[in-house]
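> Data file work-v2.cif (mmCIF, N, CA and C atoms) is appended below.
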data_query
loop_
_atom_site.label_atom_id
_atom_site.label_comp_id
_atom_site.auth_asym_id
_atom_site.auth_seq_id
_atom_site.Cartn_x
_atom_site.Cartn_y
_atom_site.Cartn_z
N MET A 1 1.47 3.22 15.13
CA MET A 1 1.71 2.04 14.32
C MET A 1 0.96 2.15 13.00
N THR A 2 1.28 1.27 12.09
CA THR A 2 0.69 1.35 10.76
C THR A 2 0.66 -0.03 10.11
N TYR A 3 -0.09 -0.11 9.04
CA TYR A 3 -0.07 -1.27 8.18
C TYR A 3 0.80 -0.95 6.99
N VAL A 4 1.37 -1.99 6.36
CA VAL A 4 2.31 -1.81 5.26
C VAL A 4 1.91 -2.75 4.14
N ILE A 5 1.97 -2.24 2.91
CA ILE A 5 1.72 -3.07 1.73
C ILE A 5 3.08 -3.50 1.20
N GLY A 6 3.25 -4.81 1.02
CA GLY A 6 4.55 -5.35 0.62
C GLY A 6 4.59 -5.86 -0.81
N ALA A 7 5.61 -6.64 -1.06
CA ALA A 7 5.99 -7.08 -2.40
C ALA A 7 4.90 -7.79 -3.20
N ASN A 8 3.99 -8.48 -2.53
CA ASN A 8 2.95 -9.21 -3.28
C ASN A 8 2.04 -8.28 -4.08
N CYS A 9 2.05 -6.99 -3.77
CA CYS A 9 1.21 -6.02 -4.48
C CYS A 9 1.86 -5.52 -5.78
N VAL A 10 3.17 -5.65 -5.89
CA VAL A 10 3.88 -5.12 -7.05
C VAL A 10 3.31 -5.71 -8.33
N ASP A 11 2.91 -4.84 -9.24
CA ASP A 11 2.33 -5.18 -10.54
C ASP A 11 0.99 -5.90 -10.44
N VAL A 12 0.34 -5.86 -9.28
CA VAL A 12 -0.98 -6.46 -9.10
C VAL A 12 -2.02 -5.37 -8.85
N LYS A 13 -1.84 -4.59 -7.79
CA LYS A 13 -2.70 -3.45 -7.44
C LYS A 13 -4.20 -3.78 -7.52
N ASP A 14 -4.64 -4.72 -6.75
CA ASP A 14 -6.05 -5.16 -6.76
C ASP A 14 -7.03 -4.04 -6.35
N ARG A 15 -6.65 -3.17 -5.47
CA ARG A 15 -7.42 -2.00 -5.01
C ARG A 15 -8.61 -2.31 -4.10
N THR A 16 -8.84 -3.56 -3.74
CA THR A 16 -9.92 -3.89 -2.81
C THR A 16 -9.67 -3.17 -1.48
N CYS A 17 -8.44 -3.08 -1.08
CA CYS A 17 -8.09 -2.43 0.18
C CYS A 17 -8.47 -0.95 0.18
N VAL A 18 -8.38 -0.30 -0.97
CA VAL A 18 -8.71 1.13 -1.07
C VAL A 18 -10.16 1.36 -0.68
N ALA A 19 -11.05 0.50 -1.14
CA ALA A 19 -12.47 0.63 -0.83
C ALA A 19 -12.76 0.40 0.65
N GLU A 20 -11.95 -0.41 1.31
CA GLU A 20 -12.17 -0.73 2.73
C GLU A 20 -11.60 0.31 3.68
N CYS A 21 -10.65 1.09 3.24
CA CYS A 21 -9.96 2.03 4.14
C CYS A 21 -10.89 3.18 4.53
N PRO A 22 -11.16 3.34 5.84
CA PRO A 22 -12.08 4.39 6.28
C PRO A 22 -11.46 5.79 6.27
N VAL A 23 -10.15 5.89 6.13
CA VAL A 23 -9.50 7.21 6.19
C VAL A 23 -8.76 7.57 4.89
N ASP A 24 -8.97 6.80 3.85
CA ASP A 24 -8.36 7.08 2.54
C ASP A 24 -6.86 7.31 2.63
N CYS A 25 -6.16 6.39 3.29
CA CYS A 25 -4.71 6.55 3.44
C CYS A 25 -3.92 5.66 2.50
N ILE A 26 -4.60 5.04 1.51
CA ILE A 26 -3.91 4.16 0.56
C ILE A 26 -3.76 4.90 -0.76
N TYR A 27 -2.53 5.01 -1.20
CA TYR A 27 -2.17 5.76 -2.39
C TYR A 27 -1.71 4.80 -3.49
N GLU A 28 -1.95 5.18 -4.72
CA GLU A 28 -1.59 4.32 -5.85
C GLU A 28 -0.38 4.85 -6.59
N GLY A 29 0.62 3.98 -6.76
CA GLY A 29 1.77 4.28 -7.60
C GLY A 29 1.60 3.56 -8.92
N ASP A 30 2.58 3.64 -9.79
CA ASP A 30 2.50 2.95 -11.07
C ASP A 30 2.52 1.43 -10.92
N ARG A 31 3.29 0.94 -9.94
CA ARG A 31 3.47 -0.50 -9.82
C ARG A 31 2.83 -1.13 -8.59
N MET A 32 2.52 -0.32 -7.57
CA MET A 32 1.92 -0.89 -6.37
C MET A 32 1.18 0.17 -5.59
N LEU A 33 0.52 -0.25 -4.53
CA LEU A 33 -0.21 0.65 -3.63
C LEU A 33 0.63 0.87 -2.37
N TYR A 34 0.39 2.01 -1.71
CA TYR A 34 1.15 2.37 -0.51
C TYR A 34 0.20 2.87 0.56
N ILE A 35 0.43 2.48 1.79
CA ILE A 35 -0.31 3.01 2.93
C ILE A 35 0.52 4.13 3.52
N HIS A 36 -0.08 5.32 3.61
CA HIS A 36 0.62 6.48 4.18
C HIS A 36 0.83 6.19 5.67
N PRO A 37 2.08 6.06 6.12
CA PRO A 37 2.33 5.66 7.50
C PRO A 37 1.85 6.66 8.55
N GLU A 38 1.70 7.91 8.20
CA GLU A 38 1.23 8.91 9.17
C GLU A 38 -0.30 9.06 9.16
N GLN A 39 -0.95 8.59 8.10
CA GLN A 39 -2.41 8.72 8.02
C GLN A 39 -3.14 7.46 8.45
N CYS A 40 -2.45 6.32 8.44
CA CYS A 40 -3.07 5.05 8.83
C CYS A 40 -3.49 5.12 10.30
N VAL A 41 -4.74 4.73 10.57
CA VAL A 41 -5.26 4.75 11.94
C VAL A 41 -5.20 3.37 12.59
N ASP A 42 -4.51 2.43 11.94
CA ASP A 42 -4.25 1.12 12.52
C ASP A 42 -5.53 0.31 12.75
N CYS A 43 -6.53 0.50 11.88
CA CYS A 43 -7.80 -0.20 12.07
C CYS A 43 -7.75 -1.64 11.55
N GLY A 44 -6.89 -1.91 10.57
CA GLY A 44 -6.75 -3.26 10.03
C GLY A 44 -7.81 -3.67 9.02
N ALA A 45 -8.67 -2.76 8.59
CA ALA A 45 -9.74 -3.12 7.64
C ALA A 45 -9.18 -3.60 6.30
N CYS A 46 -8.03 -3.12 5.92
CA CYS A 46 -7.45 -3.46 4.63
C CYS A 46 -6.85 -4.87 4.58
N GLU A 47 -6.32 -5.32 5.68
CA GLU A 47 -5.56 -6.58 5.70
C GLU A 47 -6.37 -7.81 5.26
N PRO A 48 -7.55 -8.06 5.82
CA PRO A 48 -8.25 -9.29 5.45
C PRO A 48 -8.83 -9.30 4.04
N VAL A 49 -8.96 -8.15 3.40
CA VAL A 49 -9.56 -8.13 2.06
C VAL A 49 -8.53 -8.22 0.95
N CYS A 50 -7.25 -8.17 1.27
CA CYS A 50 -6.21 -8.23 0.25
C CYS A 50 -6.12 -9.65 -0.31
N PRO A 51 -6.42 -9.81 -1.61
CA PRO A 51 -6.43 -11.17 -2.18
C PRO A 51 -5.04 -11.77 -2.39
N VAL A 52 -3.99 -10.96 -2.30
CA VAL A 52 -2.64 -11.48 -2.51
C VAL A 52 -1.80 -11.46 -1.23
N GLU A 53 -2.45 -11.23 -0.09
CA GLU A 53 -1.79 -11.22 1.22
C GLU A 53 -0.55 -10.33 1.23
N ALA A 54 -0.72 -9.10 0.75
CA ALA A 54 0.38 -8.15 0.69
C ALA A 54 0.40 -7.19 1.87
N ILE A 55 -0.65 -7.17 2.69
CA ILE A 55 -0.77 -6.19 3.76
C ILE A 55 -0.50 -6.82 5.12
N TYR A 56 0.40 -6.17 5.86
CA TYR A 56 0.79 -6.64 7.18
C TYR A 56 0.83 -5.47 8.16
N HIS A 57 0.54 -5.75 9.42
CA HIS A 57 0.81 -4.77 10.45
C HIS A 57 2.34 -4.65 10.52
N VAL A 58 2.84 -3.47 10.75
CA VAL A 58 4.29 -3.26 10.74
C VAL A 58 5.01 -4.22 11.70
N ASP A 59 4.39 -4.58 12.80
CA ASP A 59 5.02 -5.51 13.76
C ASP A 59 5.10 -6.93 13.22
N ASP A 60 4.29 -7.26 12.21
CA ASP A 60 4.26 -8.61 11.65
C ASP A 60 4.89 -8.68 10.25
N LEU A 61 5.43 -7.58 9.78
CA LEU A 61 6.00 -7.51 8.44
C LEU A 61 7.20 -8.45 8.33
N PRO A 62 7.24 -9.31 7.31
CA PRO A 62 8.40 -10.19 7.15
C PRO A 62 9.68 -9.35 7.07
N ALA A 63 10.76 -9.85 7.65
CA ALA A 63 12.01 -9.09 7.72
C ALA A 63 12.49 -8.62 6.36
N ASP A 64 12.32 -9.44 5.33
CA ASP A 64 12.80 -9.04 4.00
C ASP A 64 11.87 -8.02 3.32
N TRP A 65 10.78 -7.66 3.97
CA TRP A 65 9.85 -6.64 3.45
C TRP A 65 9.92 -5.33 4.24
N LEU A 66 10.79 -5.25 5.24
CA LEU A 66 10.86 -4.03 6.05
C LEU A 66 11.13 -2.79 5.22
N TRP A 67 11.82 -2.93 4.13
CA TRP A 67 12.11 -1.79 3.26
C TRP A 67 10.84 -1.17 2.67
N HIS A 68 9.75 -1.94 2.64
CA HIS A 68 8.49 -1.40 2.11
C HIS A 68 7.93 -0.28 3.00
N LEU A 69 8.22 -0.30 4.28
CA LEU A 69 7.79 0.79 5.14
C LEU A 69 8.48 2.09 4.73
N ASP A 70 9.78 2.01 4.46
CA ASP A 70 10.51 3.19 3.98
C ASP A 70 10.00 3.63 2.61
N ALA A 71 9.72 2.66 1.74
CA ALA A 71 9.20 2.99 0.41
C ALA A 71 7.86 3.70 0.50
N ALA A 72 6.99 3.25 1.40
CA ALA A 72 5.69 3.90 1.58
C ALA A 72 5.86 5.32 2.09
N GLY A 73 6.77 5.51 3.04
CA GLY A 73 7.03 6.85 3.55
C GLY A 73 7.57 7.77 2.47
N GLU A 74 8.45 7.24 1.63
CA GLU A 74 9.02 8.02 0.54
C GLU A 74 7.96 8.37 -0.50
N ALA A 75 7.13 7.40 -0.86
CA ALA A 75 6.11 7.63 -1.90
C ALA A 75 5.04 8.61 -1.44
N THR A 76 4.71 8.60 -0.16
CA THR A 76 3.58 9.41 0.33
C THR A 76 4.01 10.68 1.07
N ALA A 77 5.30 10.93 1.18
CA ALA A 77 5.79 12.09 1.93
C ALA A 77 5.14 13.38 1.44
N GLY A 78 4.59 14.12 2.38
CA GLY A 78 3.98 15.41 2.06
C GLY A 78 2.62 15.33 1.40
N ARG A 79 2.09 14.13 1.24
CA ARG A 79 0.80 13.97 0.56
C ARG A 79 -0.33 14.02 1.57
N GLU A 80 -1.41 14.68 1.19
CA GLU A 80 -2.59 14.74 2.05
C GLU A 80 -3.85 14.32 1.31
N ASP A 81 -3.73 13.97 0.06
CA ASP A 81 -4.88 13.51 -0.72
C ASP A 81 -4.53 12.16 -1.34
N ALA A 82 -5.51 11.51 -1.89
CA ALA A 82 -5.29 10.17 -2.43
C ALA A 82 -4.94 10.18 -3.92
N GLU A 83 -4.35 11.25 -4.38
CA GLU A 83 -3.91 11.32 -5.77
C GLU A 83 -2.76 10.33 -6.00
N PRO A 84 -2.55 9.89 -7.25
CA PRO A 84 -1.45 8.96 -7.53
C PRO A 84 -0.10 9.52 -7.08
N VAL A 85 0.79 8.62 -6.70
CA VAL A 85 2.12 8.98 -6.24
C VAL A 85 3.16 8.32 -7.14
N SER A 86 4.38 8.76 -7.03
CA SER A 86 5.48 8.15 -7.78
C SER A 86 6.07 7.00 -6.99
N ASP A 87 6.31 5.90 -7.65
CA ASP A 87 6.97 4.77 -7.01
C ASP A 87 8.41 5.18 -6.68
N PRO A 88 8.89 4.85 -5.49
CA PRO A 88 10.29 5.15 -5.17
C PRO A 88 11.22 4.23 -5.96
N PRO A 89 12.51 4.61 -6.07
CA PRO A 89 13.46 3.80 -6.84
C PRO A 89 13.53 2.34 -6.43
N ALA A 90 13.36 2.04 -5.14
CA ALA A 90 13.43 0.65 -4.68
C ALA A 90 12.34 -0.20 -5.33
N VAL A 91 11.21 0.40 -5.66
CA VAL A 91 10.11 -0.32 -6.29
C VAL A 91 10.29 -0.35 -7.81
N THR A 92 10.67 0.77 -8.39
CA THR A 92 10.83 0.80 -9.85
C THR A 92 11.93 -0.13 -10.31
N ALA A 93 12.89 -0.41 -9.44
CA ALA A 93 14.01 -1.30 -9.80
C ALA A 93 13.65 -2.77 -9.75
N LEU A 94 12.51 -3.12 -9.17
CA LEU A 94 12.12 -4.53 -9.07
C LEU A 94 11.81 -5.10 -10.46
N PRO A 95 12.13 -6.37 -10.67
CA PRO A 95 11.76 -6.99 -11.94
C PRO A 95 10.24 -7.05 -12.07
N ALA A 96 9.77 -6.99 -13.31
CA ALA A 96 8.32 -7.06 -13.57
C ALA A 96 7.81 -8.44 -13.16
N ARG A 97 6.61 -8.42 -12.58
CA ARG A 97 5.97 -9.68 -12.20
C ARG A 97 5.32 -10.26 -13.45
N ALA A 98 5.51 -11.53 -13.67
CA ALA A 98 4.91 -12.20 -14.82
C ALA A 98 3.39 -12.21 -14.67
N ALA A 99 2.68 -11.97 -15.74
CA ALA A 99 1.22 -12.01 -15.73
C ALA A 99 0.77 -13.43 -15.41
N SER A 100 -0.24 -13.53 -14.53
CA SER A 100 -0.75 -14.87 -14.20
C SER A 100 -1.70 -15.34 -15.27
N ALA A 101 -1.68 -16.64 -15.49
CA ALA A 101 -2.50 -17.23 -16.55
C ALA A 101 -3.87 -17.57 -16.06
#
For this file, write the structure as structure tokens.

Amino acid sequence: MTYVIGANCVDVKDRTCVAECPVDCIYEGDRMLYIHPEQCVDCGACEPVCPVEAIYHVDDLPADWLWHLDAAGEATAGREDAEPVSDPPAVTALPARAASA
């Protein structure tokens, strides 16, 4: 099982979760962060520190966010280090999030 970062992270990328992850399985794209589904050890350390409530256990992921699991797999495929990754087309196609005031 794994945790998944969903839509609330798009254009926010707070990165608090990166500091909490004990196995460095969170990768940064241009528009959002991704949890590598094969590297996640299911510890849950990232979930409570996310200020925008973007992180869910895959079993609790809202139905309309299920595509984020595929996006994370696509973005992190073949990666073994925490270097930046390319956002998959499903993420790059999303409208820009308005800056909060």
> Tell me which of A:Pro84, A:Gly44, A:Gly78, A:Pro95 sits closest to Val23 of chain A, counting only C-alpha atoms.
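When distances to Val23 of chain A are compared using only C-alpha atoms, the smallest one comes from A:Gly44.
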> Have a look at atom C of Cys9 of chain A and atom C of Leu33 of chain A and let me know their distance in Å, one decimal.
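Going from atom C of Cys9 of chain A over to atom C of Leu33 of chain A, I get 7.3 Å.
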> Using all atoms listed in the file, which residues sit within 7 Å of Met1 of chain A once same-chain residues fewer than 5 positions away are excluded, as a list in words?
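The contact residues come out as Pro37, Cys40, Val41, Asp42 and Val58 of chain A.
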> Could you take the residues named above and write them with N, CA and C atoms, as a PDB file, keeping the file's coordinate frame?

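Written out: selection.pdb:
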ATOM      1  N   PRO A  37       2.080   6.060   6.120  1.00  0.00           N
ATOM      2  CA  PRO A  37       2.330   5.660   7.500  1.00  0.00           C
ATOM      3  C   PRO A  37       1.850   6.660   8.550  1.00  0.00           C
ATOM      4  N   CYS A  40      -2.450   6.320   8.440  1.00  0.00           N
ATOM      5  CA  CYS A  40      -3.070   5.050   8.830  1.00  0.00           C
ATOM      6  C   CYS A  40      -3.490   5.120  10.300  1.00  0.00           C
ATOM      7  N   VAL A  41      -4.740   4.730  10.570  1.00  0.00           N
ATOM      8  CA  VAL A  41      -5.260   4.750  11.940  1.00  0.00           C
ATOM      9  C   VAL A  41      -5.200   3.370  12.590  1.00  0.00           C
ATOM     10  N   ASP A  42      -4.510   2.430  11.940  1.00  0.00           N
ATOM     11  CA  ASP A  42      -4.250   1.120  12.520  1.00  0.00           C
ATOM     12  C   ASP A  42      -5.530   0.310  12.750  1.00  0.00           C
ATOM     13  N   VAL A  58       2.840  -3.470  10.750  1.00  0.00           N
ATOM     14  CA  VAL A  58       4.290  -3.260  10.740  1.00  0.00           C
ATOM     15  C   VAL A  58       5.010  -4.220  11.700  1.00  0.00           C
TER      16      VAL A  58
END
> From a DSSP pass on the backbone, collect the residues of chain A flagged as alpha helix (DSSP H) and hand them back as a PyMOL selection string.
chain A and resi 16-20+67-76+89-92
> Between A:Ile35, A:Cys17, A:Cys43, A:Val10, which residue has the minimum interatomic distance to Ala71 of chain A, considering all atoms listed in the file?
A:Ile35
> Applying 12 Å and only C-alpha atoms, which residues near Glu47 of chain A remain after dropping the ones on its own chain fewer than 6 positions away? List them as a VMD selection string.
chain A and resid 2 to 6 15 to 21 35 53 to 58 60 to 61
> Can segment 22-41 of chain A be brought up to N, CA, C and O atoms and written out as an mmCIF file, in the coordinates of the input?

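The resulting out_2.cif:
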data_model
loop_
_atom_site.group_PDB
_atom_site.id
_atom_site.type_symbol
_atom_site.label_atom_id
_atom_site.label_comp_id
_atom_site.auth_asym_id
_atom_site.auth_seq_id
_atom_site.Cartn_x
_atom_site.Cartn_y
_atom_site.Cartn_z
ATOM 1 N N PRO A 22 -11.160 3.340 5.840
ATOM 2 C CA PRO A 22 -12.080 4.390 6.280
ATOM 3 C C PRO A 22 -11.460 5.790 6.270
ATOM 4 O O PRO A 22 -12.188 6.776 6.399
ATOM 5 N N VAL A 23 -10.150 5.890 6.130
ATOM 6 C CA VAL A 23 -9.500 7.210 6.190
ATOM 7 C C VAL A 23 -8.760 7.570 4.890
ATOM 8 O O VAL A 23 -8.028 8.548 4.847
ATOM 9 N N ASP A 24 -8.970 6.800 3.850
ATOM 10 C CA ASP A 24 -8.360 7.080 2.540
ATOM 11 C C ASP A 24 -6.860 7.310 2.630
ATOM 12 O O ASP A 24 -6.321 8.274 2.087
ATOM 13 N N CYS A 25 -6.160 6.390 3.290
ATOM 14 C CA CYS A 25 -4.710 6.550 3.440
ATOM 15 C C CYS A 25 -3.920 5.660 2.500
ATOM 16 O O CYS A 25 -2.713 5.534 2.624
ATOM 17 N N ILE A 26 -4.600 5.040 1.510
ATOM 18 C CA ILE A 26 -3.910 4.160 0.560
ATOM 19 C C ILE A 26 -3.760 4.900 -0.760
ATOM 20 O O ILE A 26 -4.738 5.372 -1.340
ATOM 21 N N TYR A 27 -2.530 5.010 -1.200
ATOM 22 C CA TYR A 27 -2.170 5.760 -2.390
ATOM 23 C C TYR A 27 -1.710 4.800 -3.490
ATOM 24 O O TYR A 27 -1.110 3.770 -3.194
ATOM 25 N N GLU A 28 -1.950 5.180 -4.720
ATOM 26 C CA GLU A 28 -1.590 4.320 -5.850
ATOM 27 C C GLU A 28 -0.380 4.850 -6.590
ATOM 28 O O GLU A 28 -0.340 6.008 -6.998
ATOM 29 N N GLY A 29 0.620 3.980 -6.760
ATOM 30 C CA GLY A 29 1.770 4.280 -7.600
ATOM 31 C C GLY A 29 1.600 3.560 -8.920
ATOM 32 O O GLY A 29 0.574 2.904 -9.161
ATOM 33 N N ASP A 30 2.580 3.640 -9.790
ATOM 34 C CA ASP A 30 2.500 2.950 -11.070
ATOM 35 C C ASP A 30 2.520 1.430 -10.920
ATOM 36 O O ASP A 30 1.860 0.726 -11.662
ATOM 37 N N ARG A 31 3.290 0.940 -9.940
ATOM 38 C CA ARG A 31 3.470 -0.500 -9.820
ATOM 39 C C ARG A 31 2.830 -1.130 -8.590
ATOM 40 O O ARG A 31 2.656 -2.346 -8.550
ATOM 41 N N MET A 32 2.520 -0.320 -7.570
ATOM 42 C CA MET A 32 1.920 -0.890 -6.370
ATOM 43 C C MET A 32 1.180 0.170 -5.590
ATOM 44 O O MET A 32 1.207 1.345 -5.942
ATOM 45 N N LEU A 33 0.520 -0.250 -4.530
ATOM 46 C CA LEU A 33 -0.210 0.650 -3.630
ATOM 47 C C LEU A 33 0.630 0.870 -2.370
ATOM 48 O O LEU A 33 1.451 0.025 -2.011
ATOM 49 N N TYR A 34 0.390 2.010 -1.710
ATOM 50 C CA TYR A 34 1.150 2.370 -0.510
ATOM 51 C C TYR A 34 0.200 2.870 0.560
ATOM 52 O O TYR A 34 -0.707 3.652 0.258
ATOM 53 N N ILE A 35 0.430 2.480 1.790
ATOM 54 C CA ILE A 35 -0.310 3.010 2.930
ATOM 55 C C ILE A 35 0.520 4.130 3.520
ATOM 56 O O ILE A 35 1.678 3.929 3.894
ATOM 57 N N HIS A 36 -0.080 5.320 3.610
ATOM 58 C CA HIS A 36 0.620 6.480 4.180
ATOM 59 C C HIS A 36 0.830 6.190 5.670
ATOM 60 O O HIS A 36 -0.138 6.083 6.427
ATOM 61 N N PRO A 37 2.080 6.060 6.120
ATOM 62 C CA PRO A 37 2.330 5.660 7.500
ATOM 63 C C PRO A 37 1.850 6.660 8.550
ATOM 64 O O PRO A 37 1.584 6.275 9.685
ATOM 65 N N GLU A 38 1.700 7.910 8.200
ATOM 66 C CA GLU A 38 1.230 8.910 9.170
ATOM 67 C C GLU A 38 -0.300 9.060 9.160
ATOM 68 O O GLU A 38 -0.861 9.607 10.094
ATOM 69 N N GLN A 39 -0.950 8.590 8.100
ATOM 70 C CA GLN A 39 -2.410 8.720 8.020
ATOM 71 C C GLN A 39 -3.140 7.460 8.450
ATOM 72 O O GLN A 39 -4.315 7.503 8.792
ATOM 73 N N CYS A 40 -2.450 6.320 8.440
ATOM 74 C CA CYS A 40 -3.070 5.050 8.830
ATOM 75 C C CYS A 40 -3.490 5.120 10.300
ATOM 76 O O CYS A 40 -2.716 5.530 11.166
ATOM 77 N N VAL A 41 -4.740 4.730 10.570
ATOM 78 C CA VAL A 41 -5.260 4.750 11.940
ATOM 79 C C VAL A 41 -5.200 3.370 12.590
ATOM 80 O O VAL A 41 -5.772 3.162 13.652
#
